[in-house]
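Trainee: Quick one: the structure is below, and I'll ask about it shortly.
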Amino acid sequence: MRSKELTDLMKTVREKHPLVHHITNYVTVNDCANITICAGGAPVMADAPEEVAEMAAVAGALVLNIGTLNAAQVDSMILAGTMANERQIPVILDPVGAGATRFRTETVQRLLDELKIAVLKGNAGEIGVLAGAAGKVRGVDSHGLAGDVAGIAKDYAKSARLVVSVSGATDIISDGKRTLLVENGHPLMGSISGTGCMAASVTGVFCAACEDPFKASVAALAAFGLAGERAAVGARGPLSFKVALFDELAGLTPAAFARGARITKV
Amino acid sequence: MRSKELTDLMKTVREKHPLVHHITNYVTVNDCANITICAGGAPVMADAPEEVAEMAAVAGALVLNIGTLNAAQVDSMILAGTMANERQIPVILDPVGAGATRFRTETVQRLLDELKIAVLKGNAGEIGVLAGAAGKVRGVDSHGLAGDVAGIAKDYAKSARLVVSVSGATDIISDGKRTLLVENGHPLMGSISGTGCMAASVTGVFCAACEDPFKASVAALAAFGLAGERAAVGARGPLSFKVALFDELAGLTPAAFARGARITKV
Amino acid sequence: MRSKELTDLMKTVREKHPLVHHITNYVTVNDCANITICAGGAPVMADAPEEVAEMAAVAGALVLNIGTLNAAQVDSMILAGTMANERQIPVILDPVGAGATRFRTETVQRLLDELKIAVLKGNAGEIGVLAGAAGKVRGVDSHGLAGDVAGIAKDYAKSARLVVSVSGATDIISDGKRTLLVENGHPLMGSISGTGCMAASVTGVFCAACEDPFKASVAALAAFGLAGERAAVGARGPLSFKVALFDELAGLTPAAFARGARITKV
C-alpha cells in the first residue's frame with residue numbers, strides 16, 4: 001500500500017468515528033473498547049438476543065470474538081451477523097482458541113457457514129486448524145503452524161472467500177489474490193493478554209472506514225504494530241507497555257503512520 | 001453547595017467506607033470497582049438471583065447499570081432494587097444506551113416503574129430520550145440533546161420524582177426544585193471507555209454517605225471531574241490519563257476538593 | 001523454604017510456562033489473565049459446559065473463583081474440577097465472599113464436598129466462615145477473624161485435607177502439618193480491586209510447576225507480595241501502583257526472589 005493510501009485511510013477513520021459493535025469475551029472486552037476509541041472508532045458491546053440485530057444495523061462494523069464462548073452468545077452472533085450481512089456491514093471474526101476445544105472449532109465453522117465473514121483474524125495456530133493445516137493451539141495461544149504460513153493463508157482465503165489476517169511477529173494478510181506482510185510490532189505485545197483481540201477491534205474500525213477489507217486489515221495491523229513499537233520505548237514491563245500502547249495508537253498521526261508502516265510483499 | 005458541606009461529605013464518605021453493590025456491565029466493571037475504592041467505598045459486584053437481595057440488604061447504595069443488558073440481569077435488578085427500596089438504601093440507575101435499542105429503553109422504563117430510583121445518572125442523549133425530548137443516542141454515546149438541557153432535566157426530575165444527573169462537559173443535576181451545574185472535568189474523560197459508568201459508581205459512594213441524593217450527586221460529579229482535571233496534567237494519552245484519574249481521586253483531600261469544586265447555579 | 005528451593009521453583013515456573021485454566025469472575029478476570037502471564041504462566045478462561053472438561057484436561061492447574069457466582073458457573077466448575085481431579089491437575093479454590101451470602105457459602109461447601117481441592121486461598125474472614133470460626137465478611141472484603149488465625153488455618157487444613165492459604169497483611173499457609181507465614185506485601189495491595197484473585201492465579205501458576213501445593217502456595221504469595229513491595233516504590237496512587245505490580249512480578253528474577261522472600265515459621 002502506498003503512503004497516500006495509508007494517510008487517507010487513517011484520516012477517514014478519524015473523521016467517520018465509526019461505531020463498532022462487538023460481541024466478545026469478558027476477559028479483554030475493556031481493552032477492546034478502549035483500543036477502538038484510540039484507533040478512532042466508537043465501541044459498543046451488546047450481546048442480548050433482544051437487541052443485537054438492532055445494534056448491528058446501525059454499526060459501521062461488527063466484531064465477533066469467541067474468547068469466552070457460550071451457547072447463548074452463538075445465537076446472538078448469528079442474529080447480529082445476519083443483520084450485518086443484510087446491510088453490507090463488514091463482519092470481522094476472531095476465532096480465539098479454535099483448535100483448543102471441539103466447541104470452539106465447530107462454532108467457528110458454523111459462523112463461517114452461516115455468515116458472510118469479511119475478515120478472519122486469528123493467530124497462526126488457529127488459522128492453521130481452520131485451514132486444515134498443521135496448526136497447534138493450546139488454550140488461546142498459537143503453538144505454531146508448520147509449513148508455508150503465507151501459502152496456507154492465501155489458499156484458505158481463496159477457498160473460503162474472505163480476507164485471512166494472521167497476527168504474529170510478522171502479520172500475514174491475504175484475500176486469495178493479494179498477500180502482504182506487516183513487519184510492525186514488538187515482542188512485548190506477546191507479554192500481555194488481549195493483543196490479538198485488540199488487533200481484531202482495530203481491524204473492525206478500519207473496515208468500517210474502507211471499502212476494501214484487505215487494505216483495511218493491512219493498515220489496521222500496521223497501525224497497531226507501529227503503536228506497539230513506539231510504546232516499547234521506555235516501558236518498564238508488560239503493563240506500563242500496555243498503557244503506552246493505547247496512548248501511542250491514540251496519538252499516531254496519519255503522517256507518522258505512513259512513515260512508520262512496514263508493509264512488504266511475500 | 002458550601003465548602004464546609006463538601007469537606008464534611010468527603011470526610012463522611014471516607015469514614016463510612018460504604019459498601020456499594022453493583023449490578024453492572026462486563027465492559028467497565030473493573031473500572032467501577034476500582035473507582036469505588038478510590039472514592040472511599042467498598043465495591044461488591046453480584047448479579048445472581050440467588051443472592052442479590054441478600055447482598056443489597058447490607059449495602060450502603062445499589063448501582064444498576066445496563067451497559068451490557070440481558071434478560072436475566074433485569075430480574076436480578078428488580079430483586080435487588082426491591083430489597084434496597086424496603087431498606088431505604090438509595091438506588092442509582094445508569095441507563096447506558098437507552099434510546100439506542102428498544103430493549104434498553106423499555107427496560108429502563110420498567111425499572112423506573114417498578115423501583116424507587118434515587119438518582120438517574122445518564123448522558124444528555126439518554127436523559128433526553130427518557131424525558132421524551134429530542135435525545136439522540138448512538139451505541140452508548142450521546143449524540144446530543146436539542147433544547148434547554150437544564151430545563152429538560154429539571155422538568156423530568158420533577159415529574160419522575162428523582163434526581164436527574166446529566167454527565168457531560170458541564171454536568172447538570174436537578175431534583176426538580178434545585179438545579180446545579182458542575183464545571184469540573186476534562187476533555188480526556190471522553191477519550192476513554194467507562195467514565196460515565198464510573199461517575200455513577202462515585203455517585204453511589206456519595207449517596208451512601210449522605211441523606212440528600214441531590215447534594216450527593218453534585219459532590220460526586222465535582223470530585224470525579226476534579227480528579228480528571230488533575231489527572232490531565234502530565235498525561236501522555238488516554239490510558240496514562242486513566243491511570244492518573246484513579247490515583248487523583250484516591251489522593252483528593254477534603255480541603256483540595258472544596259477548593260477545586262466548581263459548582264454554579266443555572 | 002530455602003533460597004535454593006525458591007530459585008529452582010521460579011526457574012521451573014518460567015520454563016514450564018504452564019497453562020492455567022480459570023473459571024472466574026468478570027470483575028478481575030483481565031487482572032487474573034495478565035498476572036498469570038507476568039508470573040510465568042499462560043492463562044485461559046473458559047466456562048461453557050461444552051468445553052470446560054476438555055480445556056481443564058490439558059491445563060497445568062485449574063483456578064476456581066466465585067467472585068461473581070451464578071448457577072451455570074457452578075455446574076461448569078464441577079465438570080472442570082472433576083476432570084482435573086481425574087488427571088491429578090491441582091485445583092485452587094478462591095471462595096470470594098463466602099460468608100457474605102448463603103449462596104456463596106453453600107456453593108463453596110458443595111465444591112469442597114464434590115471436588116478434591118489442592119489449595120483453598122481466601123482472606124481471613126472467608127476462611128474463618130468456612131472453618132466454622134468467627135470470620136466476618138462484608139461484600140467480598142474480610143472484616144476480620146477473631147482468635148488465633150494460624151491455629152484456625154492449621155486445624156481446618158488438617159480436617160479438610162487441603163492447603164489453606166490465608167492472604168492478608170501477613171499471609172498464613174498451612175497444610176495441617178506445616179505452617180508458614182509470608183511477610184511480603186504492601187498496604188497499597190489493599191487499595192485496588194483484585195489482589196486476592198490475582199494471588200489465587202499466581203498460586204495456580206506455581207502449583208502447576210511444583211509437586212507440593214504447600215510450598216507452591218508459600219512461594220506464590222511471597223513472589224506476589226515482593227512484587228507489591230517493589231511496585232510501591234514510586235507509585236503515585238492505587239492505579240499506578242497496580243501497573244507497577246504487574247511489571248515487577250514479570251521482572252522478578254529467581255535470585256531477587258530468593259533474596260527478597262520473607263518466609264517465617266509461626
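As shown in the C-alpha cells, the chain order sets the letters A, B, ...; within each chain, residues go from 1, and ligands are also counted from 1 in the order they appear.
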Could you list the residues in chain C lying within 10 Å of chain B, using only C-alpha atoms, and format the result as a ChimeraX atom specification?
Mentor: /C:25-31,67-71,97,100-104,138-141,190-194,235-243
Trainee: Keeping only N, CA and C atoms, write those residues as a compact mmCIF listing (two decimals), in the first residue's frame.
Mentor:
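Saved to out23.txt:
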# COMPACT_ATOMS: atom_id res chain seq x y z
N ASN C 25 -14.52 -14.75 37.98
CA ASN C 25 -15.48 -13.67 37.90
C ASN C 25 -15.14 -12.69 36.77
N TYR C 26 -16.14 -11.88 36.38
CA TYR C 26 -15.92 -10.93 35.28
C TYR C 26 -15.42 -9.57 35.76
N VAL C 27 -15.15 -9.43 37.06
CA VAL C 27 -14.65 -8.14 37.58
C VAL C 27 -13.13 -8.04 37.41
N THR C 28 -12.44 -9.09 37.83
CA THR C 28 -10.97 -9.03 37.88
C THR C 28 -10.33 -10.01 36.90
N VAL C 29 -11.12 -10.52 35.97
CA VAL C 29 -10.64 -11.57 35.08
C VAL C 29 -9.45 -11.12 34.23
N ASN C 30 -9.46 -9.87 33.80
CA ASN C 30 -8.35 -9.38 33.00
C ASN C 30 -7.07 -9.29 33.84
N ASP C 31 -7.22 -8.88 35.08
CA ASP C 31 -6.07 -8.86 36.00
C ASP C 31 -5.53 -10.26 36.21
N GLY C 67 -16.14 -15.07 42.51
CA GLY C 67 -16.36 -13.63 42.70
C GLY C 67 -17.67 -13.08 42.16
N THR C 68 -18.11 -13.59 41.02
CA THR C 68 -19.45 -13.23 40.51
C THR C 68 -20.18 -14.52 40.15
N LEU C 69 -20.45 -15.25 41.18
CA LEU C 69 -21.01 -16.59 41.07
C LEU C 69 -22.39 -16.59 40.42
N ASN C 70 -22.65 -17.61 39.60
CA ASN C 70 -24.02 -17.89 39.17
C ASN C 70 -24.19 -19.39 39.01
N ALA C 71 -25.42 -19.83 38.91
CA ALA C 71 -25.72 -21.26 38.94
C ALA C 71 -25.05 -22.03 37.80
N GLY C 97 -16.06 -13.93 48.93
CA GLY C 97 -17.34 -13.52 49.51
C GLY C 97 -18.07 -14.63 50.25
N ALA C 100 -20.71 -13.94 52.98
CA ALA C 100 -21.48 -12.72 52.71
C ALA C 100 -22.92 -13.07 52.31
N THR C 101 -23.08 -14.18 51.56
CA THR C 101 -24.42 -14.64 51.21
C THR C 101 -24.47 -16.16 51.37
N ARG C 102 -25.67 -16.68 51.58
CA ARG C 102 -25.84 -18.11 51.74
C ARG C 102 -25.46 -18.85 50.46
N PHE C 103 -25.78 -18.26 49.31
CA PHE C 103 -25.46 -18.87 48.02
C PHE C 103 -23.95 -19.11 47.90
N ARG C 104 -23.16 -18.15 48.31
CA ARG C 104 -21.70 -18.31 48.21
C ARG C 104 -21.19 -19.35 49.20
N ARG C 138 -17.92 -8.79 54.63
CA ARG C 138 -18.89 -7.82 54.14
C ARG C 138 -18.62 -7.64 52.66
N GLY C 139 -19.58 -7.97 51.81
CA GLY C 139 -19.34 -7.94 50.37
C GLY C 139 -18.30 -8.99 50.04
N VAL C 140 -17.16 -8.56 49.53
CA VAL C 140 -16.09 -9.51 49.26
C VAL C 140 -14.86 -9.21 50.11
N ASP C 141 -15.03 -8.37 51.13
CA ASP C 141 -13.90 -7.98 51.97
C ASP C 141 -13.95 -8.68 53.32
N GLY C 190 -4.05 -3.47 49.23
CA GLY C 190 -5.44 -3.43 49.68
C GLY C 190 -6.22 -2.27 49.09
N SER C 191 -5.55 -1.42 48.31
CA SER C 191 -6.21 -0.23 47.78
C SER C 191 -6.69 -0.40 46.36
N ILE C 192 -6.55 -1.61 45.81
CA ILE C 192 -7.09 -1.90 44.47
C ILE C 192 -7.93 -3.16 44.53
N SER C 193 -8.83 -3.25 43.58
CA SER C 193 -9.65 -4.44 43.44
C SER C 193 -8.81 -5.56 42.83
N GLY C 194 -8.99 -6.78 43.31
CA GLY C 194 -8.43 -7.92 42.60
C GLY C 194 -7.15 -8.53 43.11
N ALA C 235 5.13 4.68 43.33
CA ALA C 235 3.72 4.72 42.93
C ALA C 235 3.10 6.05 43.38
N ARG C 236 2.26 6.64 42.52
CA ARG C 236 1.62 7.91 42.85
C ARG C 236 0.20 7.71 43.36
N GLY C 237 -0.24 6.44 43.43
CA GLY C 237 -1.59 6.15 43.87
C GLY C 237 -1.92 4.71 43.53
N PRO C 238 -3.17 4.29 43.78
CA PRO C 238 -3.53 2.88 43.63
C PRO C 238 -3.31 2.31 42.22
N LEU C 239 -3.66 3.10 41.19
CA LEU C 239 -3.59 2.51 39.85
C LEU C 239 -2.19 2.53 39.25
N SER C 240 -1.39 3.55 39.55
CA SER C 240 0.00 3.48 39.08
C SER C 240 0.73 2.37 39.84
N PHE C 241 0.32 2.15 41.09
CA PHE C 241 0.85 1.00 41.83
C PHE C 241 0.48 -0.30 41.13
N LYS C 242 -0.76 -0.39 40.69
CA LYS C 242 -1.23 -1.63 40.04
C LYS C 242 -0.44 -1.93 38.77
N VAL C 243 -0.22 -0.91 37.95
CA VAL C 243 0.57 -1.09 36.73
C VAL C 243 1.96 -1.62 37.09
Trainee: Looking only at strand (DSSP E or B) from DSSP on the backbone, list the matching residues of segment 2-234 of chain B as a PyMOL selection string.
Mentor: chain B and resi 19-23+42-45+61-65+91-94+98+101+119-123+135-138+141-145+163-167+171-174+179-182
Trainee: Counting only C-alpha atoms, what is within 6 Å of Val163 of chain C, bar same-chain residues fewer than 4 positions away, as a PyMOL selection string?
Mentor: chain C and resi 119+157+174-175+214
Trainee: Find the residues near segment 6-13 of chain C: any atom within 10 Å, counting only C-alpha atoms, skip ones fewer than 5 places away on the same chain, and give them as a PyMOL selection string.
Mentor: chain C and resi 1+18+39-41+205-210+215-216+218-220+222-223+252-259+261
Trainee: Please write the residues from the selection above to a file, keeping C-alpha atoms, as a PDB file, in the first residue's frame.
Mentor:
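Below is the file part-v8.pdb, written as the result:
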ATOM      1  CA  MET C   1      11.746 -22.738  52.478  1.00  0.00           C
ATOM      2  CA  PRO C  18       2.099 -23.724  32.404  1.00  0.00           C
ATOM      3  CA  ALA C  39       4.092 -14.916  36.896  1.00  0.00           C
ATOM      4  CA  GLY C  40       5.296 -17.089  34.037  1.00  0.00           C
ATOM      5  CA  GLY C  41       2.140 -18.966  33.021  1.00  0.00           C
ATOM      6  CA  VAL C 205       0.837 -20.949  38.198  1.00  0.00           C
ATOM      7  CA  PHE C 206       3.201 -22.149  40.944  1.00  0.00           C
ATOM      8  CA  CYS C 207       1.100 -25.238  41.716  1.00  0.00           C
ATOM      9  CA  ALA C 208       1.378 -26.232  38.059  1.00  0.00           C
ATOM     10  CA  ALA C 209       5.166 -26.255  38.397  1.00  0.00           C
ATOM     11  CA  CYS C 210       5.573 -27.902  41.798  1.00  0.00           C
ATOM     12  CA  LYS C 215       5.406 -24.977  49.003  1.00  0.00           C
ATOM     13  CA  ALA C 216       3.877 -23.686  45.786  1.00  0.00           C
ATOM     14  CA  VAL C 218       4.079 -20.139  50.024  1.00  0.00           C
ATOM     15  CA  ALA C 219       6.338 -19.268  47.113  1.00  0.00           C
ATOM     16  CA  ALA C 220       3.467 -17.772  45.104  1.00  0.00           C
ATOM     17  CA  ALA C 222       5.995 -14.445  48.581  1.00  0.00           C
ATOM     18  CA  ALA C 223       6.641 -13.612  44.916  1.00  0.00           C
ATOM     19  CA  LEU C 252      11.365 -10.553  39.226  1.00  0.00           C
ATOM     20  CA  THR C 253      14.438 -12.735  38.756  1.00  0.00           C
ATOM     21  CA  PRO C 254      14.813 -16.014  40.655  1.00  0.00           C
ATOM     22  CA  ALA C 255      17.797 -14.555  42.522  1.00  0.00           C
ATOM     23  CA  ALA C 256      15.972 -11.385  43.557  1.00  0.00           C
ATOM     24  CA  PHE C 257      13.010 -13.524  44.583  1.00  0.00           C
ATOM     25  CA  ALA C 258      15.093 -15.726  46.861  1.00  0.00           C
ATOM     26  CA  ARG C 259      16.794 -12.665  48.368  1.00  0.00           C
ATOM     27  CA  ALA C 261      11.234 -13.519  50.200  1.00  0.00           C
TER      28      ALA C 261
END
Trainee: Give me the residues near Pro187 of chain C as a PyMOL selection string, where near means some atom within 9 Å (using only C-alpha atoms) and where sequence neighbours in that chain fewer than 4 positions away do not count.
Mentor: chain C and resi 169+191+228-229+232
Trainee: Give the helix (DSSP H, G or I) residues of segment 43-75 of chain B, as DSSP finds them on the backbone, and put them as an MDAnalysis selection string.
Mentor: chainID B and resid 52:57 71:75
Trainee: Taking N, CA and C atoms for each residue, export the selection above as a CSV table (one decimal), in the first residue's frame.
Mentor:
chain,number,residue,atom,x,y,z
B,52,VAL,N,-28.8,-11.6,45.1
B,52,VAL,CA,-28.7,-10.2,45.0
B,52,VAL,C,-29.5,-9.5,46.1
B,53,ALA,N,-30.6,-10.0,46.6
B,53,ALA,CA,-31.4,-9.3,47.6
B,53,ALA,C,-30.6,-9.3,48.9
B,54,GLU,N,-30.0,-10.5,49.2
B,54,GLU,CA,-29.2,-10.6,50.4
B,54,GLU,C,-28.0,-9.6,50.4
B,55,MET,N,-27.4,-9.5,49.3
B,55,MET,CA,-26.2,-8.6,49.1
B,55,MET,C,-26.7,-7.1,49.2
B,56,ALA,N,-27.7,-6.8,48.5
B,56,ALA,CA,-28.2,-5.4,48.5
B,56,ALA,C,-28.6,-5.0,49.9
B,57,ALA,N,-29.2,-5.9,50.7
B,57,ALA,CA,-29.7,-5.6,52.0
B,57,ALA,C,-28.6,-5.0,53.0
B,71,ALA,N,-31.6,-10.4,29.8
B,71,ALA,CA,-32.9,-10.6,30.4
B,71,ALA,C,-32.8,-11.1,31.9
B,72,ALA,N,-31.8,-11.9,32.1
B,72,ALA,CA,-31.6,-12.5,33.5
B,72,ALA,C,-31.2,-11.3,34.4
B,73,GLN,N,-30.4,-10.4,33.9
B,73,GLN,CA,-29.9,-9.3,34.7
B,73,GLN,C,-31.1,-8.4,35.2
B,74,VAL,N,-32.1,-8.2,34.3
B,74,VAL,CA,-33.2,-7.4,34.7
B,74,VAL,C,-33.9,-8.0,35.9
B,75,ASP,N,-34.1,-9.3,35.9
B,75,ASP,CA,-34.8,-9.9,37.0
B,75,ASP,C,-34.0,-9.7,38.3
Trainee: Choose the residue, out of A:Ser201, A:Ser217, A:Asn85, A:Thr107, that has the smallest atom-to-atom separation from Asp171 of chain A; count only C-alpha atoms.
Mentor: A:Ser217
Trainee: Could you check which of B:Lys136, B:Lys121, B:Arg178, B:Lys4 is closest to Lys154 of chain B, using only C-alpha atoms?
Mentor: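 Smallest separation from Lys154 of chain B among the options: B:Arg178.
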Trainee: Could you tell me which of A:Ala146, A:Leu64, A:Pro90, A:Val233 comes closest to Val108 of chain A if we count only C-alpha atoms?
Mentor: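 The answer is A:Leu64, which sits nearest to Val108 of chain A.
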Trainee: Leu145 of chain C: which residues within 6 Å, counting only C-alpha atoms, same-chain residues fewer than 2 positions away excluded, as a PDB file with C-alpha atoms, in the first residue's frame?
Mentor:
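Dumped everything to part_21.pdb:
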ATOM      1  CA  ALA C 124      -9.213 -14.298  56.899  1.00  0.00           C
ATOM      2  CA  GLY C 125     -12.945 -13.613  57.016  1.00  0.00           C
ATOM      3  CA  GLY C 128     -12.962 -18.183  59.245  1.00  0.00           C
ATOM      4  CA  ALA C 134     -15.758 -16.271  63.876  1.00  0.00           C
ATOM      5  CA  GLY C 135     -14.998 -14.974  60.389  1.00  0.00           C
TER       6      GLY C 135
END
Trainee: Find the spatial neighbours of Ile92 of chain B, counting only C-alpha atoms, within a cut-off of 8 Å - ignore same-chain residues fewer than 3 positions away - and output them as a list of chain:residue names.
Mentor: B:Ala61, B:Leu62, B:Val63, B:Leu64, B:Ile117, B:Ala118, B:Val119, B:Leu120, B:Lys121, B:Ala200, B:Thr203, B:Gly204
Trainee: Just write the chosen residues, C-alpha atoms, as a short mmCIF file (atom, residue, chain, number, x, y, z; two decimals), in the first residue's frame.
Mentor:
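Contents of part-v4.cif, freshly written:
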data_model
loop_
_atom_site.label_atom_id
_atom_site.label_comp_id
_atom_site.auth_asym_id
_atom_site.auth_seq_id
_atom_site.Cartn_x
_atom_site.Cartn_y
_atom_site.Cartn_z
CA ALA B 61 -26.11 2.01 47.96
CA LEU B 62 -27.13 -0.03 44.92
CA VAL B 63 -25.89 0.90 41.43
CA LEU B 64 -27.78 -0.53 38.44
CA ILE B 117 -34.82 5.25 41.89
CA ALA B 118 -32.96 7.90 43.89
CA VAL B 119 -30.68 9.11 41.09
CA LEU B 120 -30.91 8.63 37.34
CA LYS B 121 -27.37 9.30 36.03
CA ALA B 200 -22.49 6.51 38.52
CA THR B 203 -22.47 8.85 42.87
CA GLY B 204 -23.36 5.59 44.63
#
Trainee: What's the separation between atom CA of Glu126 of chain C and atom CA of Ser167 of chain C, in Å to one decimal place?
Mentor: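 Between these atoms lies a distance of 10.4 Å.
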